[in-house]
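Asker: Shown below is the structure under consideration.
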Amino acid sequence: MEKPVIQVKNLYKIYRIGENKVRALNGVDFTIQKGEFCCIVGTSGSGKSTLLNMMAGLEPPTKGEIIIGGEHIERKNESKLVLFRQAHVGFIFQSYNLMPNMTAVENVAMPLTFQGVPKDIRERKAIKMLKTVGLGKFLDHKPGQMSGGQQQRVGIARALVVEPEIVFADEPTGNLDSNTTLEVLNLMRKIVHEKKQTMIMVTHDNYLASFGDKVIHIRDGKIIKIDEHPGGRTENTEYENTDIYPGGTLAVPGEEIRPDENS
Amino acid sequence: MKLSDLLLMSLESLFKRKVRTILTIMGVVIGTTSIVVMISLGIGMKEALLSEYESYGGLRSIEVESSGIYDDNGKEKNPEDTLLNDARIEEFMQIDHVTSVDPVLSVQVIIKCGIYECNTELLGVSRDVLEEKADALGQGSIPAEGEGLQLIWGNYMPAYFMNSRTNQYEYWDTGKAPDIDFMNDQMFVIFDTEKYYQSQYGSQDGTPVSAPKKYIIPTAGVIAGGLEDYNEDSFYVYCDIDALKAVLEREFRGRVIPGQPTRKNGKAYKELFYTRVNVNVDEMDNVTQVQQIISDMGYRAYSNAEWIESDMQIMNIIQAVLGGIGGISLFVAAIGITNTMMMSIYERTKEIGIMKVIGCRIRDIQFLFLIEAGYIGFIGGGIGILLSYALSFLMNKVLGLGAMMFDEGAKLSVIPPWLALVAVTFAALIAMLAGFLPSIRAMKLSPLAAIRAE
């Protein structure tokens, strides 16, 4: 069997709030193979976003190892992490996080700018990528002139333009309505599969999670179940916009309780 | 990131916040302008002072005389060792930084013109020195070599003529100088002044003395200017040194020429020594050094350097104080820059976070902010310089403050190109320094906290 692209071993994250210790992650182990579409699903406060952030090197673990492509993420300092992200990682946000006064092309070309790619090449790549996500007619639109779905497509194009080996997506459809959600989800899956990229998506929605090749269920900082069904859900069944999802968990909308270690 | 992208991105983010950028830049403009204008006043004063010194005589020349019995350092000397002749001139030429050495032979003469007479020093100078005066002449020309003794008159000389009937200097008493036309009137020169006075007023032992020989010496030229114009030649009468030597040797054959050194037994030397020599130095800054060397050789050496140096020191202090006053406003502007950049970082926390997450290097983020601050300084400094030139022009030309405070044509405010360059660079550097703290802050923002910020 091929060596897994991501290995997470015995991962802990403990926040200290006053006298109390909050175990956001309480001993997590799993592996993800190259080309897999992995979904991490759980309720608010389950620790799923913390897990994603640590894999992307945005916050350090308290204990444990994260090995991506043979490199220990938890041992890197911030400038090494930036270089690592620049070279290997794409990131898709829930609230798109586009630069409001840049056009779609400029937004998508930005990661290439950071890599030092010359202007003409990066614009060509950005335009190609925008066409792939179906925004060929919106090249010079600014985020304010686009719908949520379109903005997220720009976000996807921005994440994928550097052809990363790994794509992290944090609730990428969280701000979208149900039809757009499925469109965006299928689009991500299609591109990632075509390019043999590994994608890790965090969601609170069991139904959306069921599209993944591998679904990691997480609750109170611990993995409670890992489903593997390579190929994932293929049929686009009608998406029920209810609070009770096929998985049976009740998702509570709203902000997760995230103690801010920086304040 | 490539430098061109860094420069462009920083510029764009400045343009995004136009009003704030303009206000911050205005602070730098005012700061730069006040420094530059203040320093330019200092430079203007310095230049006016220097040109005033120039009119007193060379700023780069040292007057050297033989030492007499004691040298400058109070040591007893044999005066013969320091008598000035051509061999000594050669020695001075060997000293570093010395460009030329001009001998001067000075004799006291009486010059008569009609009823007027003038007791003055006649300066025999080398041909080089004489020819340098050609441009300063208002009438006549420099005599050609070998034309015999001819005089070049300083423009102020008429004031020194005394009416021999009334024994009065008319210029001092009436403000009106004797009407002497140097070029056309006959000028009689008496070299043996002692004999002249004895013939006029009787000798000490009462024996009558016959009048000495009078020479009719033609005038070759007169220095340009009236009695109100001063320059370094105004107060002297010049002639060719070799022609003067020839005349003196003939007049005083076998006797001691007045002003010349004598042997211990009171007899004249065979050789005619120079009264003094002017040693010219390549740069003003080297004058003191060369002067010290010559003085250590046992000669008496004088220069304006000491005066100028102490005056320049005072001017430098004034300039530093003026610059410091201007510096305060640039300092305030720098605080403004820091403030603006801080605000900008708070506003852009999220943007910075996103940039970090999608792969902008930490160093590049710092550069972006430093460059942004640098732009503010550079643009502000540039505009400040233009404004300074405008103000300087206004003060000098339109208001004529320079001419009012100093001489005609003097400038109150002088901005040399180096000052403009230094000012712009300085403003940009100060701005980047002011932007350094904010840039560190931007660099240290945690990407996670930054993305969460709304």
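Each chain in the structure tokens gets a letter, A, B and so on, in the order shown; residues start at 1 in every chain, and ligands are counted from 1 in the order they appear.
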Hey, list the chain A side of the contact with chain B: 6 Å cut-off, only C-alpha atoms, answer as a ChimeraX atom specification.
Answerer: /A:58,82,85-86,114-116
Asker: Take the residues from that selection and write them out as an mmCIF file, in the first residue's frame, keeping N, CA and C atoms.
Answerer:
```cif
data_model
loop_
_atom_site.group_PDB
_atom_site.id
_atom_site.type_symbol
_atom_site.label_atom_id
_atom_site.label_comp_id
_atom_site.auth_asym_id
_atom_site.auth_seq_id
_atom_site.Cartn_x
_atom_site.Cartn_y
_atom_site.Cartn_z
ATOM 1 N N LEU A 58 -1.729 26.352 10.905
ATOM 2 C CA LEU A 58 -2.159 27.673 11.352
ATOM 3 C C LEU A 58 -2.112 27.791 12.865
ATOM 4 N N VAL A 82 4.832 28.984 6.206
ATOM 5 C CA VAL A 82 4.332 29.763 5.072
ATOM 6 C C VAL A 82 4.892 29.192 3.773
ATOM 7 N N ARG A 85 3.062 26.022 2.989
ATOM 8 C CA ARG A 85 1.729 26.268 2.434
ATOM 9 C C ARG A 85 1.831 26.767 1.001
ATOM 10 N N GLN A 86 2.822 27.663 0.793
ATOM 11 C CA GLN A 86 2.990 28.228 -0.548
ATOM 12 C C GLN A 86 3.223 27.112 -1.573
ATOM 13 N N PHE A 114 2.725 35.633 -4.754
ATOM 14 C CA PHE A 114 3.551 35.345 -3.575
ATOM 15 C C PHE A 114 4.674 34.374 -3.905
ATOM 16 N N GLN A 115 4.433 33.519 -4.911
ATOM 17 C CA GLN A 115 5.485 32.571 -5.297
ATOM 18 C C GLN A 115 6.542 33.220 -6.189
ATOM 19 N N GLY A 116 6.241 34.443 -6.653
ATOM 20 C CA GLY A 116 7.197 35.133 -7.510
ATOM 21 C C GLY A 116 7.055 34.775 -8.978
#
```
Asker: Quick one: everything within 7 Å of range 32-39 of chain A, counting only C-alpha atoms, minus sequence neighbours fewer than 2 positions away in the same chain. Send it as a list in words.
Answerer: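 Here the qualifying residues turn out to be Pro4, Val5, Ile6, Gln7, Phe30, Val41, His193, Lys196, Gln197, Thr198, Met199, Ile200, Met201, Val202, Ala209, Gly212, Asp213, Lys214, Val215 and Ile216 of chain A.
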Asker: Give me, as number ranges by chain, all polymer residues having an atom no more than 9 Å from His204 in chain A, counting only C-alpha atoms and skipping those fewer than 5 positions away in the same chain.
Answerer: A: 40-44, 48, 171, 174, 209, 251-252
Asker: Show which residues sit within 10 Å of range 293-295 of chain B, as an MDAnalysis selection string. Count only C-alpha atoms, and ignore same-chain residues fewer than 4 positions away.
Answerer: chainID B and resid 62 64:65 67 71:73 91:92 95:96 279 288:289 299:302
Asker: Go ahead and write the residues just picked, C-alpha atoms, as a compact mmCIF listing (two decimals), in the first residue's frame.
Answerer:
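Wrote it out as part-v7.txt, contents follow:
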```txt
# COMPACT_ATOMS: atom_id res chain seq x y z
CA ILE B 62 49.18 81.66 3.59
CA VAL B 64 54.88 83.76 4.97
CA GLU B 65 57.50 86.14 6.31
CA SER B 67 61.11 85.07 11.28
CA ASP B 71 60.20 82.41 15.36
CA ASP B 72 56.47 81.82 15.81
CA ASN B 73 57.14 79.37 18.60
CA GLU B 91 61.27 74.35 -0.50
CA PHE B 92 57.71 75.54 0.05
CA ILE B 95 55.11 70.71 0.85
CA ASP B 96 52.00 68.62 0.21
CA VAL B 279 51.82 80.10 -0.38
CA THR B 288 45.87 75.06 8.73
CA GLN B 289 48.00 71.98 8.18
CA TYR B 299 58.88 81.18 9.41
CA ARG B 300 56.08 83.45 10.40
CA ALA B 301 52.92 82.32 8.70
CA TYR B 302 49.50 83.99 8.65
```
Asker: I need the residues in range 413-447 of chain B that are helix (DSSP H, G or I) according to DSSP; give them as an NGL selection string.
Answerer: :B and (417-444 or 447)
Asker: Write out as a tab-separated table (two decimals) with N, CA and C atoms, in the first residue's frame each polymer residue whose atoms come within 6 Å of range 232-245 of chain B, counting only C-alpha atoms; drop sequence neighbours fewer than 3 positions from it.
Answerer:
```tsv
chain	number	residue	atom	x	y	z
B	55	SER	N	36.71	88.61	-0.23
B	55	SER	CA	37.03	89.98	-0.61
B	55	SER	C	38.19	90.53	0.22
B	56	TYR	N	38.45	89.92	1.38
B	56	TYR	CA	39.59	90.35	2.18
B	56	TYR	C	40.89	89.77	1.68
B	57	GLY	N	40.80	88.76	0.85
B	57	GLY	CA	42.02	88.10	0.40
B	57	GLY	C	41.77	86.61	0.37
B	122	LEU	N	54.33	99.75	-2.34
B	122	LEU	CA	54.29	99.29	-3.73
B	122	LEU	C	54.62	97.80	-3.72
B	123	LEU	N	53.73	97.04	-4.27
B	123	LEU	CA	53.90	95.59	-4.19
B	123	LEU	C	54.39	95.05	-5.52
B	124	GLY	N	55.62	94.51	-5.50
B	124	GLY	CA	56.10	93.82	-6.69
B	124	GLY	C	55.66	92.37	-6.63
B	125	VAL	N	54.91	91.94	-7.63
B	125	VAL	CA	54.43	90.55	-7.63
B	125	VAL	C	54.84	89.86	-8.92
B	126	SER	N	54.77	88.53	-8.90
B	126	SER	CA	55.21	87.77	-10.08
B	126	SER	C	54.23	87.96	-11.24
B	148	GLY	N	59.43	97.34	-18.58
B	148	GLY	CA	59.87	98.25	-17.53
B	148	GLY	C	58.81	98.40	-16.47
B	149	LEU	N	59.09	99.25	-15.50
B	149	LEU	CA	58.19	99.40	-14.37
B	149	LEU	C	56.92	100.15	-14.76
B	150	GLN	N	55.80	99.50	-14.53
B	150	GLN	CA	54.50	100.14	-14.76
B	150	GLN	C	53.60	99.76	-13.60
B	151	LEU	N	52.62	100.62	-13.30
B	151	LEU	CA	51.81	100.41	-12.09
B	151	LEU	C	50.38	99.96	-12.40
B	152	ILE	N	49.86	99.13	-11.51
B	152	ILE	CA	48.44	98.77	-11.52
B	152	ILE	C	47.85	99.33	-10.23
B	153	TRP	N	46.86	100.20	-10.35
B	153	TRP	CA	46.32	100.89	-9.18
B	153	TRP	C	45.04	100.22	-8.68
B	154	GLY	N	44.96	100.09	-7.38
B	154	GLY	CA	43.71	99.65	-6.77
B	154	GLY	C	42.68	100.75	-6.87
B	155	ASN	N	41.41	100.39	-6.96
B	155	ASN	CA	40.38	101.39	-7.22
B	155	ASN	C	40.14	102.32	-6.03
B	156	TYR	N	40.62	101.93	-4.85
B	156	TYR	CA	40.39	102.76	-3.67
B	156	TYR	C	41.51	103.77	-3.45
B	157	MET	N	42.59	103.64	-4.24
B	157	MET	CA	43.80	104.41	-3.97
B	157	MET	C	43.61	105.93	-3.96
B	248	LEU	N	65.06	99.23	-8.14
B	248	LEU	CA	65.59	99.38	-6.77
B	248	LEU	C	67.10	99.23	-6.75
```
Asker: So that I can check the surroundings of His72 in chain A, please list as a list in words every protein, DNA and RNA residue that reaches within 12 Å of it, counting only C-alpha atoms and ignoring chain neighbours fewer than 3 positions away.
Answerer: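 Here the answer would be Val5, Ile6, Gln7, Val8, Lys9, Met54, Met55, Ala56, Gly57, Pro60, Pro61, Gly64, Glu65, Ile66, Ile67, Ile68, Gly69, Arg75, Lys76, Asn77, Lys80, Leu81 and Phe84 of chain A.
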Asker: Take the residues from that selection and put them in a file with C-alpha atoms, as a PDB file, in the first residue's frame.
Answerer:
```pdb
ATOM      1  CA  VAL A   5       0.067  11.570   2.330  1.00  0.00           C
ATOM      2  CA  ILE A   6      -1.150  12.723   5.721  1.00  0.00           C
ATOM      3  CA  GLN A   7      -0.505  10.999   9.007  1.00  0.00           C
ATOM      4  CA  VAL A   8      -1.920  12.313  12.254  1.00  0.00           C
ATOM      5  CA  LYS A   9      -0.627  10.588  15.360  1.00  0.00           C
ATOM      6  CA  MET A  54      -3.368  22.329  12.857  1.00  0.00           C
ATOM      7  CA  MET A  55      -2.949  20.256   9.701  1.00  0.00           C
ATOM      8  CA  ALA A  56      -2.615  23.507   7.729  1.00  0.00           C
ATOM      9  CA  GLY A  57      -0.046  24.735  10.230  1.00  0.00           C
ATOM     10  CA  PRO A  60       0.458  24.443  16.835  1.00  0.00           C
ATOM     11  CA  PRO A  61      -0.689  21.231  18.533  1.00  0.00           C
ATOM     12  CA  GLY A  64       1.343  14.741  18.870  1.00  0.00           C
ATOM     13  CA  GLU A  65       2.564  14.560  15.323  1.00  0.00           C
ATOM     14  CA  ILE A  66       1.282  15.705  11.962  1.00  0.00           C
ATOM     15  CA  ILE A  67       3.253  14.342   9.048  1.00  0.00           C
ATOM     16  CA  ILE A  68       2.395  15.620   5.589  1.00  0.00           C
ATOM     17  CA  GLY A  69       4.355  14.268   2.663  1.00  0.00           C
ATOM     18  CA  ARG A  75       8.141  21.120  14.105  1.00  0.00           C
ATOM     19  CA  LYS A  76       8.133  23.975  11.617  1.00  0.00           C
ATOM     20  CA  ASN A  77       8.368  27.629  12.577  1.00  0.00           C
ATOM     21  CA  LYS A  80       8.814  27.567   7.189  1.00  0.00           C
ATOM     22  CA  LEU A  81       5.076  26.926   7.449  1.00  0.00           C
ATOM     23  CA  PHE A  84       5.211  24.904   3.054  1.00  0.00           C
TER      24      PHE A  84
END
```
Asker: Report, in Å to a single decimal, how far apart CA of Lys13 in chain A and CA of Thr62 in chain A are.
Answerer: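 Interatomic distance here is 4.7 Å.
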Asker: Which one of B:Tyr160, B:Thr174, B:Pro218, B:Thr33 sits closest to Ser141 in chain B if you count only C-alpha atoms?
Answerer: B:Pro218
Asker: I need the residue nearest Leu437 in chain B from this list: B:Asn304, B:Asn339, B:Ser66, B:Thr32. Use only C-alpha atoms for the distance.
Answerer: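 The closest residue to Leu437 in chain B is B:Asn339.
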Asker: Find the spatial neighbours of Ile30 in chain B, counting only C-alpha atoms, within a cut-off of 8 Å - ignore same-chain residues fewer than 6 positions away - and output them as JSON, numbers by chain.
Answerer: {"B": [329, 330, 384]}
Asker: Those selected residues, please, written with C-alpha atoms and delivered as a PDB file, in the first residue's frame.
Answerer:
```pdb
ATOM      1  CA  SER B 329       8.441  68.738  12.518  1.00  0.00           C
ATOM      2  CA  LEU B 330       9.862  65.763  10.626  1.00  0.00           C
ATOM      3  CA  GLY B 384       8.975  68.920   0.242  1.00  0.00           C
TER       4      GLY B 384
END
```
Asker: Can you work out the spacing between CA of Glu80 in chain B and CA of Glu249 in chain B in Å, to one decimal?
Answerer: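 Interatomic distance here is 20.5 Å.
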Asker: DSSP on the backbone, then: every residue of range 189-369 of chain B marked strand (DSSP E or B), written as a list in words.
Answerer: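 Matching residues, listed in order: Val189, Ile190, Lys214, Tyr215, Ile216, Thr219, Ala220, Gly221, Val222, Ile223, Val237, Tyr238, Cys239, Asp240, Thr262, Ala268, Tyr274, Arg276, Val277, Asn278, Val279, Asn280, Val281, Arg300, Ala301 and Tyr302 of chain B.
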Asker: Write a file of the selected residues as a PDB file, in the first residue's frame, keeping C-alpha atoms.
Answerer:
```
ATOM      1  CA  VAL B 189      57.491 107.848  -7.740  1.00  0.00           C
ATOM      2  CA  ILE B 190      60.121 108.454  -5.044  1.00  0.00           C
ATOM      3  CA  LYS B 214      61.857 111.123  -8.931  1.00  0.00           C
ATOM      4  CA  TYR B 215      60.841 108.573 -11.471  1.00  0.00           C
ATOM      5  CA  ILE B 216      58.009 109.061 -13.883  1.00  0.00           C
ATOM      6  CA  THR B 219      50.204 103.479 -15.194  1.00  0.00           C
ATOM      7  CA  ALA B 220      49.326 100.259 -16.962  1.00  0.00           C
ATOM      8  CA  GLY B 221      45.875  99.766 -15.519  1.00  0.00           C
ATOM      9  CA  VAL B 222      43.362 100.504 -12.780  1.00  0.00           C
ATOM     10  CA  ILE B 223      41.229  97.926 -10.950  1.00  0.00           C
ATOM     11  CA  VAL B 237      49.470  99.372  -5.974  1.00  0.00           C
ATOM     12  CA  TYR B 238      51.003  96.518  -7.921  1.00  0.00           C
ATOM     13  CA  CYS B 239      53.893  96.194 -10.307  1.00  0.00           C
ATOM     14  CA  ASP B 240      56.059  93.539 -11.889  1.00  0.00           C
ATOM     15  CA  THR B 262      70.952  93.773   6.679  1.00  0.00           C
ATOM     16  CA  ALA B 268      73.512  95.160   2.631  1.00  0.00           C
ATOM     17  CA  TYR B 274      61.423  88.945  -0.864  1.00  0.00           C
ATOM     18  CA  ARG B 276      57.030  87.872   1.965  1.00  0.00           C
ATOM     19  CA  VAL B 277      55.695  85.005  -0.099  1.00  0.00           C
ATOM     20  CA  ASN B 278      52.120  83.857  -0.548  1.00  0.00           C
ATOM     21  CA  VAL B 279      51.821  80.097  -0.381  1.00  0.00           C
ATOM     22  CA  ASN B 280      48.678  78.883  -2.144  1.00  0.00           C
ATOM     23  CA  VAL B 281      47.073  75.645  -0.980  1.00  0.00           C
ATOM     24  CA  ARG B 300      56.085  83.446  10.400  1.00  0.00           C
ATOM     25  CA  ALA B 301      52.916  82.318   8.700  1.00  0.00           C
ATOM     26  CA  TYR B 302      49.504  83.992   8.653  1.00  0.00           C
TER      27      TYR B 302
END
```
Asker: Pick out the closest residue to Asp140 in chain A from this set: A:Glu165, A:Asn101, A:His217, A:Leu182. Count only C-alpha atoms.
Answerer: A:Asn101
